[in-house]
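Have a look at query-v5.txt below; it lists compact mmCIF, C-alpha atoms.
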# COMPACT_ATOMS: atom_id res chain seq x y z
CA MET X 74 -0.27 -22.38 -15.50
CA ARG X 75 -0.45 -19.59 -12.92
CA MET X 76 1.79 -16.56 -12.63
CA MET X 77 3.67 -16.70 -9.31
CA HIS X 78 4.92 -13.13 -8.94
CA VAL X 79 6.07 -9.90 -10.56
CA THR X 80 9.64 -8.83 -9.75
CA ILE X 81 10.69 -5.19 -9.42
CA MET X 82 14.36 -4.32 -9.05
CA THR X 83 14.57 -1.26 -6.83
CA LYS X 84 17.02 1.26 -5.43
CA GLN X 85 14.48 2.05 -2.68
CA LEU X 86 13.52 -1.27 -1.09
CA ASN X 87 12.10 0.06 2.18
CA GLU X 88 10.15 2.83 0.44
CA SER X 89 8.77 0.28 -2.02
CA VAL X 90 7.68 -2.07 0.79
CA LYS X 91 5.93 0.84 2.53
CA PHE X 92 4.15 1.84 -0.70
CA TYR X 93 2.80 -1.65 -1.39
CA GLU X 94 1.72 -2.04 2.25
CA GLU X 95 0.04 1.33 2.66
CA GLN X 96 -1.22 2.11 -0.82
CA VAL X 97 -2.03 -1.31 -2.28
CA GLY X 98 -2.80 -3.28 0.88
CA LEU X 99 -0.23 -6.03 0.37
CA THR X 100 1.48 -7.64 3.35
CA ILE X 101 4.94 -9.12 3.70
CA LEU X 102 4.93 -12.80 2.84
CA ARG X 103 8.69 -13.36 3.06
CA ASP X 104 11.23 -10.78 4.25
CA MET X 105 14.89 -11.34 3.39
CA ARG X 106 16.19 -7.83 4.07
CA ASP X 107 18.59 -9.28 6.66
CA ASN X 108 20.77 -10.70 3.85
CA PRO X 109 23.04 -7.77 2.93
CA GLU X 110 24.14 -9.40 -0.33
CA HIS X 111 20.67 -10.13 -1.71
CA GLN X 112 17.78 -8.26 -0.05
CA ILE X 113 14.35 -9.46 -1.22
CA VAL X 114 10.82 -8.93 0.07
CA PHE X 115 7.84 -10.91 -1.24
CA MET X 116 4.48 -9.21 -0.70
CA SER X 117 1.03 -10.68 -1.20
CA ASP X 118 -2.67 -9.96 -0.89
CA LYS X 119 -4.71 -11.82 1.73
CA SER X 120 -5.52 -14.68 -0.62
CA GLY X 121 -1.93 -15.13 -1.79
CA GLY X 122 -3.10 -14.57 -5.38
CA THR X 123 -1.18 -11.35 -5.98
CA CYS X 124 2.53 -11.51 -5.27
CA VAL X 125 5.12 -8.79 -5.83
CA GLU X 126 8.82 -9.52 -5.35
CA LEU X 127 10.90 -6.46 -4.50
CA VAL X 128 14.64 -6.90 -4.96
CA ALA X 129 17.21 -4.34 -3.80
CA ASN X 130 19.50 -3.79 -6.76
CA PRO X 131 20.84 -0.26 -7.29
CA THR X 132 22.68 -1.16 -10.50
CA ALA X 133 19.73 -2.85 -12.25
CA ALA X 134 16.81 -0.93 -10.75
CA TYR X 135 13.67 -0.49 -12.82
CA TYR X 136 13.82 2.73 -14.84
CA GLY X 137 10.09 3.53 -14.81
CA GLY X 138 8.52 2.93 -18.20
CA GLY X 139 6.55 0.42 -20.21
CA ILE X 140 4.96 -1.62 -17.43
CA SER X 141 1.95 -1.26 -15.16
CA MET X 142 0.26 -3.37 -12.51
CA GLY X 143 -3.47 -3.18 -11.81
CA PHE X 144 -5.15 -3.63 -8.43
CA GLU X 145 -8.89 -3.90 -7.89
CA VAL X 146 -10.56 -1.53 -5.40
CA GLU X 147 -14.11 -1.40 -4.05
CA ASP X 148 -14.62 2.39 -4.28
CA ILE X 149 -12.62 4.10 -7.02
CA ASP X 150 -13.66 7.63 -6.04
CA LYS X 151 -12.64 7.09 -2.41
CA GLU X 152 -9.30 5.59 -3.52
CA TYR X 153 -8.65 8.52 -5.88
CA THR X 154 -9.30 11.05 -3.11
CA LYS X 155 -7.07 9.10 -0.72
CA LYS X 156 -4.19 9.12 -3.22
CA GLU X 157 -4.64 12.87 -3.84
CA GLU X 158 -4.62 13.61 -0.10
CA GLN X 159 -1.46 11.53 0.35
CA GLY X 160 0.36 13.46 -2.39
CA PHE X 161 0.57 10.74 -5.04
CA HIS X 162 -0.78 12.94 -7.87
CA PRO X 163 -3.13 10.41 -9.49
CA GLY X 164 -3.62 10.65 -13.21
CA PRO X 165 -7.02 11.30 -14.78
CA MET X 166 -9.94 8.97 -14.16
CA ILE X 167 -10.40 6.76 -17.21
CA SER X 168 -13.58 4.92 -18.14
CA PRO X 169 -13.06 2.76 -21.25
CA ASN X 170 -16.57 1.33 -20.93
CA PRO X 171 -19.61 1.79 -18.67
CA HIS X 172 -18.45 -1.04 -16.37
CA ALA X 173 -14.88 0.01 -15.55
CA ARG X 174 -13.11 3.07 -14.16
CA PHE X 175 -9.44 3.42 -13.26
CA PHE X 176 -6.52 5.77 -12.63
CA PHE X 177 -2.76 5.46 -12.19
CA VAL X 178 -0.15 6.57 -9.66
CA LYS X 179 3.57 5.83 -9.67
CA ASP X 180 5.26 3.68 -7.04
CA PRO X 181 8.69 4.75 -5.65
CA ASN X 182 10.37 3.08 -8.64
CA GLY X 183 8.27 4.77 -11.33
CA VAL X 184 6.08 1.71 -11.99
CA ASP X 185 2.58 2.73 -13.07
CA ILE X 186 0.13 1.34 -10.53
CA GLN X 187 -3.46 1.13 -11.74
CA PHE X 188 -6.37 1.19 -9.32
CA VAL X 189 -9.51 -0.13 -11.01
CA GLN X 190 -13.15 -0.67 -10.12
CA GLU X 191 -15.33 -2.88 -12.29
CA ASP X 192 -19.09 -3.27 -11.93

Could you render the structure from this file as structure tokens?
Amino acid sequence: MRMMHVTIMTKQLNESVKFYEEQVGLTILRDMRDNPEHQIVFMSDKSGGTCVELVANPTAAYYGGGISMGFEVEDIDKEYTKKEEQGFHPGPMISPNPHARFFFVKDPNGVDIQFVQED
């Protein structure tokens, strides 16, 4: 069994799409923003292995607690500096073991987004 996607209900669909494009490197796989009754955007990495479904829903939007998503990066220090320069206020660098380092920022919905580098 393989997980197909993670769904985030959002009040800020366009801002969320921009965040996942610019900060995580996902691209739009399927864009259904032209349906005013049910706006959805599926975003994926190049391989199609990571898929995030963003759903416009102001009454059931995610409240920002208890969930995080992790994304692998090649250079954690470079990514940290980039997030600082772009005003995302990354949390502290965490190294739970000698082979992994990571930090978190929040997406426009308050979801904790982890950027991690493993050796």

| message | Between CA of Lys91 (chain X) and CA of Val114 (chain X), what is the distance in Å, rounded to a tenth? | response | 11.2 Å

| request: Measuring atom to atom with only C-alpha atoms, identify which of X:Ile186, X:Met142, X:Ile81, X:Met116 is nearest to Pro163 (chain X). | output: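 Looking only at the distances to Pro163 (chain X), the closest residue turns out to be X:Ile186.
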
| request: Do a neighbour search on Gln190 (chain X) at 8 Å with all atoms listed in the file, toss out local chain neighbours closer than 5 positions, and write the hits as a PyMOL selection string. | output: chain X and resi 145-149+173-175

Prev. selection, C-alpha atoms, output as an mmCIF file, keeping the file's coordinate frame:
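Writing done, so here's out37.cif:
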data_model
loop_
_atom_site.group_PDB
_atom_site.id
_atom_site.type_symbol
_atom_site.label_atom_id
_atom_site.label_comp_id
_atom_site.auth_asym_id
_atom_site.auth_seq_id
_atom_site.Cartn_x
_atom_site.Cartn_y
_atom_site.Cartn_z
ATOM 1 C CA GLU X 145 -8.890 -3.900 -7.890
ATOM 2 C CA VAL X 146 -10.560 -1.530 -5.400
ATOM 3 C CA GLU X 147 -14.110 -1.400 -4.050
ATOM 4 C CA ASP X 148 -14.620 2.390 -4.280
ATOM 5 C CA ILE X 149 -12.620 4.100 -7.020
ATOM 6 C CA ALA X 173 -14.880 0.010 -15.550
ATOM 7 C CA ARG X 174 -13.110 3.070 -14.160
ATOM 8 C CA PHE X 175 -9.440 3.420 -13.260
#

| What does the distance from CA of Phe177 (chain X) to CA of Thr132 (chain X) come to in Å, to one decimal? |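 One can read the CA of Phe177 (chain X) to CA of Thr132 (chain X) distance as 26.3 Å.
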
| Shell of 12 Å around Ser120 (chain X), all atoms listed in the file, local chain residues under 2 positions omitted, as a PyMOL selection string | chain X and resi 98-100+102+116-118+122-124

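Between CA of Met82 (chain X) and CA of Val128 (chain X) the separation is 4.8 Å.
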
| query | So, counting only C-alpha atoms, which residue among X:Tyr93, X:Tyr153, X:Asn170, X:Asp185 is closest to Gly139 (chain X)? | reply |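 So, comparing all the options, the nearest one is X:Asp185.
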
| field | Counting all atoms listed in the file, the option among X:Lys155, X:His78, X:Lys119, X:Arg106 closest to Val90 (chain X) | value |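 Selected residue with least distance to Val90 (chain X): X:Arg106.
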
| request: Choose the residue, out of X:Met166, X:Ser89, X:Met105, X:Phe115, that has the smallest atom-to-atom separation from Lys179 (chain X); count all atoms listed in the file. | output: X:Ser89

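Distances from X:Val79, X:Val97, X:Ala134, X:Leu127 to Phe188 (chain X) were compared using all atoms listed in the file, and the smallest one belongs to X:Val97.
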
| said: So that I can check the surroundings of Tyr135 (chain X), please list as a PyMOL selection string every protein, DNA and RNA residue that reaches within 10 Å of it, counting only C-alpha atoms and ignoring chain neighbours fewer than 4 positions away. | reply: chain X and resi 80-84+130-131+140+182-184

How about completing region 124-135 of chain X with all heavy atoms and giving it to me as a PDB file, keeping the file's coordinate frame?
ATOM      1  N   CYS X 124       1.241 -11.494  -5.932  1.00  0.00           N
ATOM      2  CA  CYS X 124       2.530 -11.510  -5.270  1.00  0.00           C
ATOM      3  C   CYS X 124       3.510 -10.606  -6.029  1.00  0.00           C
ATOM      4  O   CYS X 124       3.670 -10.749  -7.239  1.00  0.00           O
ATOM      5  CB  CYS X 124       3.080 -12.925  -5.159  1.00  0.00           C
ATOM      6  SG  CYS X 124       4.470 -13.068  -4.029  1.00  0.00           S
ATOM      7  N   VAL X 125       4.116  -9.686  -5.282  1.00  0.00           N
ATOM      8  CA  VAL X 125       5.120  -8.790  -5.830  1.00  0.00           C
ATOM      9  C   VAL X 125       6.432  -9.092  -5.116  1.00  0.00           C
ATOM     10  O   VAL X 125       6.483  -9.155  -3.892  1.00  0.00           O
ATOM     11  CB  VAL X 125       4.720  -7.312  -5.610  1.00  0.00           C
ATOM     12  CG1 VAL X 125       5.832  -6.377  -6.055  1.00  0.00           C
ATOM     13  CG2 VAL X 125       3.420  -6.987  -6.344  1.00  0.00           C
ATOM     14  N   GLU X 126       7.483  -9.293  -5.896  1.00  0.00           N
ATOM     15  CA  GLU X 126       8.820  -9.520  -5.350  1.00  0.00           C
ATOM     16  C   GLU X 126       9.616  -8.243  -5.550  1.00  0.00           C
ATOM     17  O   GLU X 126       9.805  -7.785  -6.673  1.00  0.00           O
ATOM     18  CB  GLU X 126       9.504 -10.679  -6.075  1.00  0.00           C
ATOM     19  CG  GLU X 126      10.934 -10.899  -5.645  1.00  0.00           C
ATOM     20  CD  GLU X 126      11.677 -11.901  -6.511  1.00  0.00           C
ATOM     21  OE1 GLU X 126      11.334 -12.032  -7.716  1.00  0.00           O
ATOM     22  OE2 GLU X 126      12.592 -12.550  -6.004  1.00  0.00           O
ATOM     23  N   LEU X 127      10.073  -7.657  -4.455  1.00  0.00           N
ATOM     24  CA  LEU X 127      10.900  -6.460  -4.500  1.00  0.00           C
ATOM     25  C   LEU X 127      12.331  -6.862  -4.204  1.00  0.00           C
ATOM     26  O   LEU X 127      12.605  -7.487  -3.178  1.00  0.00           O
ATOM     27  CB  LEU X 127      10.405  -5.440  -3.470  1.00  0.00           C
ATOM     28  CG  LEU X 127       8.959  -4.979  -3.659  1.00  0.00           C
ATOM     29  CD1 LEU X 127       8.487  -4.211  -2.444  1.00  0.00           C
ATOM     30  CD2 LEU X 127       8.825  -4.151  -4.929  1.00  0.00           C
ATOM     31  N   VAL X 128      13.236  -6.510  -5.102  1.00  0.00           N
ATOM     32  CA  VAL X 128      14.640  -6.900  -4.960  1.00  0.00           C
ATOM     33  C   VAL X 128      15.499  -5.638  -4.942  1.00  0.00           C
ATOM     34  O   VAL X 128      15.440  -4.828  -5.874  1.00  0.00           O
ATOM     35  CB  VAL X 128      15.084  -7.807  -6.140  1.00  0.00           C
ATOM     36  CG1 VAL X 128      16.559  -8.161  -6.019  1.00  0.00           C
ATOM     37  CG2 VAL X 128      14.219  -9.054  -6.219  1.00  0.00           C
ATOM     38  N   ALA X 129      16.288  -5.471  -3.881  1.00  0.00           N
ATOM     39  CA  ALA X 129      17.210  -4.340  -3.800  1.00  0.00           C
ATOM     40  C   ALA X 129      18.343  -4.572  -4.789  1.00  0.00           C
ATOM     41  O   ALA X 129      19.076  -5.552  -4.689  1.00  0.00           O
ATOM     42  CB  ALA X 129      17.756  -4.202  -2.382  1.00  0.00           C
ATOM     43  N   ASN X 130      18.448  -3.664  -5.764  1.00  0.00           N
ATOM     44  CA  ASN X 130      19.500  -3.790  -6.760  1.00  0.00           C
ATOM     45  C   ASN X 130      19.739  -2.416  -7.385  1.00  0.00           C
ATOM     46  O   ASN X 130      19.134  -2.073  -8.400  1.00  0.00           O
ATOM     47  CB  ASN X 130      19.117  -4.805  -7.831  1.00  0.00           C
ATOM     48  CG  ASN X 130      20.281  -5.132  -8.740  1.00  0.00           C
ATOM     49  OD1 ASN X 130      21.193  -4.327  -8.915  1.00  0.00           O
ATOM     50  ND2 ASN X 130      20.246  -6.316  -9.322  1.00  0.00           N
ATOM     51  N   PRO X 131      20.628  -1.614  -6.789  1.00  0.00           N
ATOM     52  CA  PRO X 131      20.840  -0.260  -7.290  1.00  0.00           C
ATOM     53  C   PRO X 131      21.399  -0.185  -8.698  1.00  0.00           C
ATOM     54  O   PRO X 131      21.182   0.799  -9.389  1.00  0.00           O
ATOM     55  CB  PRO X 131      21.807   0.357  -6.284  1.00  0.00           C
ATOM     56  CG  PRO X 131      22.167  -0.688  -5.315  1.00  0.00           C
ATOM     57  CD  PRO X 131      21.383  -1.918  -5.608  1.00  0.00           C
ATOM     58  N   THR X 132      22.082  -1.226  -9.163  1.00  0.00           N
ATOM     59  CA  THR X 132      22.680  -1.160 -10.500  1.00  0.00           C
ATOM     60  C   THR X 132      21.737  -1.638 -11.596  1.00  0.00           C
ATOM     61  O   THR X 132      21.956  -1.345 -12.765  1.00  0.00           O
ATOM     62  CB  THR X 132      23.975  -1.992 -10.562  1.00  0.00           C
ATOM     63  OG1 THR X 132      23.671  -3.359 -10.259  1.00  0.00           O
ATOM     64  CG2 THR X 132      25.004  -1.460  -9.580  1.00  0.00           C
ATOM     65  N   ALA X 133      20.677  -2.367 -11.242  1.00  0.00           N
ATOM     66  CA  ALA X 133      19.730  -2.850 -12.250  1.00  0.00           C
ATOM     67  C   ALA X 133      18.302  -2.462 -11.888  1.00  0.00           C
ATOM     68  O   ALA X 133      17.365  -3.148 -12.253  1.00  0.00           O
ATOM     69  CB  ALA X 133      19.847  -4.374 -12.382  1.00  0.00           C
ATOM     70  N   ALA X 134      18.145  -1.349 -11.183  1.00  0.00           N
ATOM     71  CA  ALA X 134      16.810  -0.930 -10.750  1.00  0.00           C
ATOM     72  C   ALA X 134      15.938  -0.588 -11.947  1.00  0.00           C
ATOM     73  O   ALA X 134      16.419  -0.140 -12.987  1.00  0.00           O
ATOM     74  CB  ALA X 134      16.914   0.279  -9.826  1.00  0.00           C
ATOM     75  N   TYR X 135      14.652  -0.801 -11.776  1.00  0.00           N
ATOM     76  CA  TYR X 135      13.670  -0.490 -12.820  1.00  0.00           C
ATOM     77  C   TYR X 135      13.746   0.993 -13.141  1.00  0.00           C
ATOM     78  O   TYR X 135      13.850   1.835 -12.259  1.00  0.00           O
ATOM     79  CB  TYR X 135      12.272  -0.871 -12.313  1.00  0.00           C
ATOM     80  CG  TYR X 135      11.188  -0.534 -13.291  1.00  0.00           C
ATOM     81  CD1 TYR X 135      11.033  -1.274 -14.458  1.00  0.00           C
ATOM     82  CD2 TYR X 135      10.336   0.528 -13.066  1.00  0.00           C
ATOM     83  CE1 TYR X 135      10.054  -0.962 -15.369  1.00  0.00           C
ATOM     84  CE2 TYR X 135       9.347   0.841 -13.972  1.00  0.00           C
ATOM     85  CZ  TYR X 135       9.211   0.098 -15.129  1.00  0.00           C
ATOM     86  OH  TYR X 135       8.247   0.424 -16.027  1.00  0.00           O
TER      87      TYR X 135
END
